[in-house]
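data09.cif (mmCIF, C-alpha atoms)
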data_run
#
loop_
_atom_site.group_PDB
_atom_site.id
_atom_site.type_symbol
_atom_site.label_atom_id
_atom_site.label_comp_id
_atom_site.auth_asym_id
_atom_site.auth_seq_id
_atom_site.Cartn_x
_atom_site.Cartn_y
_atom_site.Cartn_z
ATOM 1 C CA MET A 166 118.362 91.918 130.058
ATOM 2 C CA GLY A 167 115.065 91.079 131.712
ATOM 3 C CA GLN A 168 113.772 94.625 131.310
ATOM 4 C CA ALA A 169 114.876 94.738 127.657
ATOM 5 C CA LYS A 170 113.103 91.433 126.987
ATOM 6 C CA ARG A 171 109.899 92.691 128.608
ATOM 7 C CA LYS A 172 110.051 95.874 126.530
ATOM 8 C CA ARG A 173 110.549 93.832 123.348
ATOM 9 C CA GLU A 174 107.589 91.627 124.235
ATOM 10 C CA ALA A 175 105.457 94.708 124.995
ATOM 11 C CA ASP A 176 106.428 96.229 121.641
ATOM 12 C CA LEU A 177 105.414 93.019 119.871
ATOM 13 C CA MET A 178 102.076 92.951 121.674
ATOM 14 C CA ALA A 179 101.415 96.529 120.547
ATOM 15 C CA ALA A 180 102.524 95.932 116.940
ATOM 16 C CA PRO A 181 99.744 96.288 114.342
ATOM 17 C CA VAL A 182 98.060 93.031 113.344
ATOM 18 C CA VAL A 183 96.171 92.326 110.124
ATOM 19 C CA TYR A 184 93.744 89.467 109.569
ATOM 20 C CA HIS A 185 93.020 87.071 106.759
ATOM 21 C CA HIS A 186 89.330 86.155 106.947
ATOM 22 C CA THR A 187 88.251 82.720 105.758
ATOM 23 C CA SER A 188 86.206 79.771 107.041
ATOM 24 C CA THR A 189 86.550 76.163 108.127
ATOM 25 C CA LEU A 190 85.450 75.254 104.619
ATOM 26 C CA ARG A 191 89.025 76.031 103.542
ATOM 27 C CA THR A 192 91.290 75.800 106.574
ATOM 28 C CA ASN A 193 92.390 72.195 106.027
ATOM 29 C CA LEU A 194 93.514 73.133 102.506
ATOM 30 C CA MET A 195 95.437 76.060 103.964
ATOM 31 C CA TRP A 196 97.210 73.932 106.567
ATOM 32 C CA MET A 197 98.265 71.500 103.827
ATOM 33 C CA SER A 198 99.555 74.271 101.559
ATOM 34 C CA GLY A 199 101.226 76.032 104.490
ATOM 35 C CA VAL A 200 100.437 79.511 103.230
ATOM 36 C CA ILE A 201 97.771 82.139 102.774
ATOM 37 C CA GLU A 202 97.484 81.622 99.035
ATOM 38 C CA LEU A 203 96.961 84.276 96.390
ATOM 39 C CA GLU A 204 93.411 84.918 95.232
ATOM 40 C CA GLY A 205 92.150 82.295 92.805
ATOM 41 C CA ARG A 206 95.041 79.910 93.488
ATOM 42 C CA GLY A 207 95.011 76.576 95.256
ATOM 43 C CA MET A 208 92.543 73.700 95.386
ATOM 44 C CA PRO A 209 88.758 74.221 95.473
ATOM 45 C CA ALA A 210 87.077 73.579 98.822
ATOM 46 C CA ILE A 211 84.700 70.660 99.363
ATOM 47 C CA HIS A 212 81.425 71.427 101.132
ATOM 48 C CA PRO A 213 79.853 68.529 103.084
ATOM 49 C CA HIS A 214 76.481 69.039 101.363
ATOM 50 C CA LEU A 215 77.133 70.938 98.130
ATOM 51 C CA GLY A 216 80.337 69.268 96.981
ATOM 52 C CA GLU A 217 83.075 71.246 95.245
ATOM 53 C CA ILE A 218 82.971 75.002 95.860
ATOM 54 C CA ARG A 219 84.622 77.506 93.539
ATOM 55 C CA THR A 220 84.480 81.273 93.950
ATOM 56 C CA ASP A 221 83.972 83.993 91.382
ATOM 57 C CA THR A 222 87.490 85.302 92.084
ATOM 58 C CA LEU A 223 88.598 82.938 89.326
ATOM 59 C CA ARG A 224 86.385 84.790 86.855
ATOM 60 C CA ARG A 225 87.288 88.233 88.189
ATOM 61 C CA ARG A 226 90.983 87.471 87.949
ATOM 62 C CA ALA A 227 90.567 87.184 84.191
ATOM 63 C CA MET A 228 90.360 91.007 84.118
ATOM 64 C CA LYS A 229 94.092 91.132 84.983
ATOM 65 C CA ASP A 230 94.164 94.812 85.954
ATOM 66 C CA PHE A 231 96.611 93.840 88.698
ATOM 67 C CA PRO A 232 98.265 90.573 89.747
ATOM 68 C CA ALA A 233 96.627 88.094 92.081
ATOM 69 C CA VAL A 234 97.113 89.019 95.729
ATOM 70 C CA ALA A 235 96.337 87.646 99.181
ATOM 71 C CA TRP A 236 93.851 89.809 101.086
ATOM 72 C CA PHE A 237 93.955 91.029 104.706
ATOM 73 C CA THR A 238 92.207 93.673 106.796
ATOM 74 C CA SER A 239 93.064 95.533 109.975
ATOM 75 C CA GLU A 240 89.531 94.841 111.250
ATOM 76 C CA ILE A 241 88.652 91.685 113.148
ATOM 77 C CA ASP A 242 84.980 92.074 112.219
ATOM 78 C CA ILE A 243 83.988 89.741 109.376
ATOM 79 C CA PRO A 244 83.950 91.718 106.106
ATOM 80 C CA ASN A 245 80.417 92.126 104.816
ATOM 81 C CA CYS A 246 81.551 91.452 101.262
ATOM 82 C CA LEU A 247 82.439 87.884 102.324
ATOM 83 C CA ARG A 248 78.967 87.342 103.744
ATOM 84 C CA LYS A 249 77.032 88.511 100.684
ATOM 85 C CA VAL A 250 77.253 85.624 98.251
ATOM 86 C CA GLN A 251 75.642 84.377 95.089
ATOM 87 C CA ILE A 252 75.052 80.667 94.513
ATOM 88 C CA LEU A 253 75.653 79.183 91.092
ATOM 89 C CA LEU A 254 74.807 75.486 90.773
ATOM 90 C CA VAL A 255 76.698 74.045 87.815
ATOM 91 C CA ASP A 256 75.844 70.787 86.053
ATOM 92 C CA GLN A 257 79.039 68.703 86.050
ATOM 93 C CA ASP A 258 78.130 66.994 82.776
ATOM 94 C CA THR A 259 77.067 70.008 80.709
ATOM 95 C CA GLY A 260 78.726 72.882 82.560
ATOM 96 C CA LYS A 261 75.457 74.790 82.468
ATOM 97 C CA VAL A 262 74.276 76.857 85.428
ATOM 98 C CA ARG A 263 71.150 75.277 86.903
ATOM 99 C CA ARG A 264 70.362 78.016 89.393
ATOM 100 C CA ASP A 265 71.583 81.556 89.900
ATOM 101 C CA HIS A 266 70.410 83.636 92.834
ATOM 102 C CA SER A 267 71.698 85.860 95.603
ATOM 103 C CA THR A 268 71.452 84.797 99.221
ATOM 104 C CA GLY A 269 70.880 86.582 102.472
ATOM 105 C CA ARG A 270 73.612 86.952 105.055
ATOM 106 C CA ASP A 271 72.352 83.994 107.132
ATOM 107 C CA LEU A 272 72.564 81.569 104.232
ATOM 108 C CA GLY A 273 75.939 82.994 103.257
ATOM 109 C CA ASP A 274 77.228 82.267 106.763
ATOM 110 C CA ALA A 275 75.718 78.784 106.714
ATOM 111 C CA LEU A 276 77.434 77.938 103.433
ATOM 112 C CA ALA A 277 80.783 79.065 104.868
ATOM 113 C CA LEU A 278 80.461 76.764 107.899
ATOM 114 C CA ASN A 279 82.422 78.405 110.765
ATOM 115 C CA ARG A 280 84.047 81.791 110.194
ATOM 116 C CA VAL A 281 87.788 82.135 110.910
ATOM 117 C CA ALA A 282 90.361 84.943 111.044
ATOM 118 C CA ILE A 283 94.141 84.454 111.134
ATOM 119 C CA GLY A 284 96.314 87.294 112.436
ATOM 120 C CA PHE A 285 99.792 88.397 111.303
ATOM 121 C CA ARG A 286 102.047 91.163 112.625
ATOM 122 C CA LEU A 287 102.822 93.698 109.935
ATOM 123 C CA SER A 288 106.303 94.194 111.392
ATOM 124 C CA GLU A 289 107.115 90.516 110.729
ATOM 125 C CA ASN A 290 105.578 90.436 107.249
ATOM 126 C CA PRO A 291 106.955 93.336 105.190
ATOM 127 C CA GLY A 292 105.376 91.888 102.049
ATOM 128 C CA ILE A 293 101.908 92.748 103.400
ATOM 129 C CA THR A 294 101.214 96.351 102.376
ATOM 130 C CA PRO A 295 98.215 98.714 102.564
ATOM 131 C CA TRP A 296 95.779 98.204 99.702
ATOM 132 C CA PRO A 297 95.442 101.986 99.079
ATOM 133 C CA ASN A 298 99.236 102.049 98.431
ATOM 134 C CA HIS A 299 99.022 99.236 95.865
ATOM 135 C CA TYR A 300 98.736 100.325 92.250
ATOM 136 C CA GLY A 301 95.747 98.005 91.793
ATOM 137 C CA TYR A 302 93.697 100.247 94.075
ATOM 138 C CA ALA A 303 93.303 102.868 91.329
ATOM 139 C CA THR A 304 92.739 100.475 88.416
ATOM 140 C CA SER A 305 89.306 99.867 86.919
ATOM 141 C CA GLU A 306 89.069 96.517 88.692
ATOM 142 C CA GLY A 307 90.303 98.017 91.954
ATOM 143 C CA LYS A 308 87.785 100.848 91.803
ATOM 144 C CA GLU A 309 85.000 98.338 91.157
ATOM 145 C CA LEU A 310 86.116 96.335 94.204
ATOM 146 C CA ASN A 311 86.261 99.432 96.378
ATOM 147 C CA GLU A 312 82.851 100.655 95.297
ATOM 148 C CA SER A 313 81.177 97.287 95.844
ATOM 149 C CA ALA A 314 82.830 97.002 99.270
ATOM 150 C CA ARG A 315 81.601 100.404 100.393
ATOM 151 C CA GLU A 316 78.091 99.590 99.173
ATOM 152 C CA VAL A 317 77.868 96.779 101.744
ATOM 153 C CA GLY A 318 79.497 98.790 104.557
ATOM 154 C CA ASP A 319 83.157 97.729 104.296
ATOM 155 C CA ASP A 320 86.123 100.104 104.241
ATOM 156 C CA PRO A 321 88.672 99.046 101.580
ATOM 157 C CA ASP A 322 91.068 101.682 102.920
ATOM 158 C CA LYS A 323 91.603 99.302 105.858
ATOM 159 C CA TRP A 324 92.541 96.407 103.588
ATOM 160 C CA PHE A 325 96.054 95.054 103.045
ATOM 161 C CA VAL A 326 97.485 92.868 100.290
ATOM 162 C CA SER A 327 100.476 90.653 99.570
ATOM 163 C CA GLU A 328 101.691 89.737 96.103
ATOM 164 C CA GLN A 329 103.397 86.639 97.547
ATOM 165 C CA PRO A 330 101.846 83.765 99.537
ATOM 166 C CA VAL A 331 102.172 84.407 103.281
ATOM 167 C CA ASP A 332 103.770 81.753 105.504
ATOM 168 C CA LEU A 333 101.255 80.409 108.033
ATOM 169 C CA LEU A 334 104.067 79.713 110.497
ATOM 170 C CA LYS A 335 104.214 83.497 110.912
ATOM 171 C CA ALA A 336 100.598 83.604 112.106
ATOM 172 C CA ILE A 337 100.344 84.799 115.710
ATOM 173 C CA GLN A 338 96.560 84.778 116.265
ATOM 174 C CA PHE A 339 93.632 82.505 115.477
ATOM 175 C CA TRP A 340 90.011 83.626 115.838
ATOM 176 C CA GLY A 341 86.997 81.407 115.290
ATOM 177 C CA SER A 342 83.253 81.330 115.778
ATOM 178 C CA ASN A 343 81.406 78.424 117.343
ATOM 179 C CA SER A 344 78.178 79.751 115.877
ATOM 180 C CA VAL A 345 77.508 79.356 112.163
ATOM 181 C CA ILE A 346 74.540 81.733 112.023
ATOM 182 C CA ASN A 347 75.250 85.200 113.457
ATOM 183 C CA PRO A 348 78.958 84.351 113.884
ATOM 184 C CA ARG A 349 80.977 86.093 116.574
ATOM 185 C CA LEU A 350 84.729 85.676 116.377
ATOM 186 C CA GLU A 351 86.596 84.783 119.571
ATOM 187 C CA ARG A 352 90.352 84.505 120.013
ATOM 188 C CA HIS A 353 91.812 81.006 120.544
ATOM 189 C CA ASP A 354 95.505 81.366 121.376
ATOM 190 C CA SER A 355 95.983 77.660 122.057
ATOM 191 C CA TYR A 356 94.951 76.755 118.503
ATOM 192 C CA VAL A 357 97.891 78.668 116.994
ATOM 193 C CA LYS A 358 100.174 75.848 118.181
ATOM 194 C CA ASP A 359 97.889 73.224 116.611
ATOM 195 C CA MET A 360 97.801 75.175 113.359
ATOM 196 C CA HIS A 361 101.600 75.395 113.277
ATOM 197 C CA ASN A 362 101.849 71.673 114.079
ATOM 198 C CA MET A 363 99.666 70.771 111.117
ATOM 199 C CA VAL A 364 101.605 73.043 108.763
ATOM 200 C CA ARG A 365 104.930 71.564 109.921
ATOM 201 C CA ALA A 366 103.585 68.015 109.616
ATOM 202 C CA CYS A 367 102.668 68.637 105.989
ATOM 203 C CA ARG A 368 106.096 70.091 105.271
ATOM 204 C CA ASP A 369 108.080 67.424 107.105
ATOM 205 C CA ARG A 370 106.123 64.306 106.121
ATOM 206 C CA LYS A 371 105.218 63.363 102.584
ATOM 207 C CA GLY A 372 101.545 63.124 101.706
ATOM 208 C CA VAL A 373 100.046 64.138 105.059
ATOM 209 C CA TYR A 374 96.282 64.662 104.895
ATOM 210 C CA ILE A 375 94.573 67.281 107.065
ATOM 211 C CA PRO A 376 90.869 66.319 107.198
ATOM 212 C CA PRO A 377 88.150 68.976 107.050
ATOM 213 C CA THR A 378 86.781 69.857 110.480
ATOM 214 C CA PHE A 379 83.317 68.609 109.514
ATOM 215 C CA LEU A 380 84.642 65.034 109.217
ATOM 216 C CA LYS A 381 84.516 62.844 112.308
ATOM 217 C CA PRO A 382 87.862 61.156 113.221
ATOM 218 C CA ASP A 383 86.646 57.738 112.013
ATOM 219 C CA GLU A 384 85.553 59.272 108.717
ATOM 220 C CA ALA A 385 88.883 61.073 108.374
ATOM 221 C CA ARG A 386 90.826 57.883 109.055
ATOM 222 C CA LEU A 387 88.767 55.964 106.484
ATOM 223 C CA LEU A 388 89.248 58.635 103.840
ATOM 224 C CA ALA A 389 92.984 58.861 104.567
ATOM 225 C CA ALA A 390 93.276 55.064 104.284
ATOM 226 C CA MET A 391 91.528 55.165 100.910
ATOM 227 C CA MET A 392 94.017 57.846 99.821
ATOM 228 C CA SER A 393 96.942 55.890 101.339
ATOM 229 C CA VAL A 394 98.179 58.930 103.253
ATOM 230 C CA PRO A 395 98.545 59.633 106.990
ATOM 231 C CA ALA A 396 95.836 61.828 108.528
ATOM 232 C CA PHE A 397 96.832 64.559 110.967
ATOM 233 C CA ARG A 398 94.736 66.942 113.046
ATOM 234 C CA GLY A 399 96.076 69.454 115.570
ATOM 235 C CA ASP A 400 98.917 67.700 117.372
ATOM 236 C CA THR A 401 97.463 64.206 116.874
ATOM 237 C CA ASP A 402 98.188 61.585 114.237
ATOM 238 C CA LEU A 403 94.708 60.136 113.653
ATOM 239 C CA ALA A 404 96.106 56.827 112.477
ATOM 240 C CA ALA A 405 97.749 56.268 115.866
ATOM 241 C CA ILE A 406 94.606 56.534 117.987
ATOM 242 C CA GLY A 407 91.405 54.607 118.297
ATOM 243 C CA GLY A 408 89.064 57.356 119.489
ATOM 244 C CA PRO A 409 88.177 60.924 118.590
ATOM 245 C CA ALA A 410 91.013 63.418 118.179
#

So that I can check it, write out the structure of this file as structure tokens.
Amino acid sequence: MGQAKRKREADLMAAPVVYHHTSTLRTNLMWMSGVIELEGRGMPAIHPHLGEIRTDTLRRRAMKDFPAVAWFTSEIDIPNCLRKVQILLVDQDTGKVRRDHSTGRDLGDALALNRVAIGFRLSENPGITPWPNHYGYATSEGKELNESAREVGDDPDKWFVSEQPVDLLKAIQFWGSNSVINPRLERHDSYVKDMHNMVRACRDRKGVYIPPTFLKPDEARLLAAMMSVPAFRGDTDLAAIGGPA
């Protein structure tokens, strides 16, 4: 039995892993939803300096060549297409765009805060399939995506998609970067437990609030009190402590 268990564990370690790349701008929203959401779904992120952030995926989805999907890649390197961004500042009263310009990679990284990648075993997530095998790959919208990805040095043939939200409790790796500019992802195995704890807390307890990482514990507690919901971070209930989490 011991040898069979070791072989099973070795097989799991060798199983292919795919990554969903995102940033700490969105992770608290993900923990509260409990899933890797489909493109264009879910709540907009709140940036500490710019306010509400929406992405152009909402506009691109209007093409409807294929259904919304969640995106993954077999590469741990941060996709270049996520680092090349365009800023649109929108007047909340008139809806008019006040500024429209492309940014360099450094500013794109700065706007994203800290880069993050979450890993899933393909063997445990049969709904995650290779993008080249998805019918959207050959559509007009898919071809446009592929071409724009290759122009910035990405390989869309290494992408994977899911037509259903992916359960974050199935995540087996967490990678993050301490550096905002010139980010370098490093694996943090201990944080997987914290991530699962936050997801479970939101599922088990009504109205749990996961504060953004850029909020200090006192700020998170104050905001949670104003919202009349318990705040939770990692394995710590912020309302139950008097110091930093």

(request) Name every residue that the PyMOL selection byres ((chain A and resi 244) around 9) selects in this structure, writing the answer as a VMD selection string with chains first and numbers rising. (result) chain A and resid 186 238 240 to 243 245 to 248 314 318 to 320

(message) Expand the PyMOL selection byres ((chain A and resi 395-400) around 10) into the explicit residue set it covers here, and present it as number ranges by chain.
(response) A: 193, 196, 356-364, 366-367, 370-378, 382, 385-390, 392-394, 401-405, 410

(message) Around (102.9, 94.0, 110.6), as given in the file, which residues come within 10 Å? Count all atoms listed in the file and list them as an MDAnalysis selection string.
(response) chainID A and resid 177 180:183 239 284:294

(request) Check the smallest atom-to-atom distance from each of A:Ser355, A:Asp258, A:Asp230, A:Leu276 to A:Arg191 using all atoms listed in the file, then report the winner. (result)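 So, comparing all the options, the nearest one is A:Leu276.
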
Sorted per-residue table, stretch 329-395 of chain A near stretch 233-236 of chain A, closest atoms and distance, 8 Å, all atoms listed in the file, as a Markdown table:
| residue | atom | partner | partner_atom | distance |
| --- | --- | --- | --- | --- |
| A:Gln329 | CA | A:Val234 | CA | 7.0 |
| A:Pro330 | CA | A:Ala235 | CA | 6.7 |
| A:Val331 | CA | A:Ala235 | CA | 7.8 |

(message) Show me, as a VMD selection string, the residues that have an atom within 6 Å of stretch 278-282 of chain A when counting only C-alpha atoms, minus same-chain residues fewer than 5 positions from it.
(response) chain A and resid 184 to 189 340 to 342 345

Starting from 6 Å padding per side, set up an axis-aligned box that covers all listed atoms of stretch 315-319 of chain A and hand over centre and edge lengths in Å, one decimal, as lines of an AutoDock Vina configuration file.
center_x = 80.5
center_y = 98.6
center_z = 101.9
size_x = 17.3
size_y = 15.6
size_z = 17.4

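Minimum atom-to-atom distance to A:Ser198, evaluated using all atoms listed in the file, belongs to A:Asp332 out of A:Asp332, A:Glu306, A:Glu316, A:Asp322.
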
(message) Can you measure atom CA of A:Pro321 to atom CA of A:Glu309 for me? One decimal in Å is fine.
(response)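 Atom CA of A:Glu309 lies at a distance of 11.1 Å from atom CA of A:Pro321.
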
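Closest to A:Ala303 among A:His353, A:Phe231, A:Ile337, A:Glu328 is A:Phe231, based on only C-alpha atoms.
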
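Going from atom CA of A:Arg365 to atom CA of A:Phe379 covers 21.8 Å.
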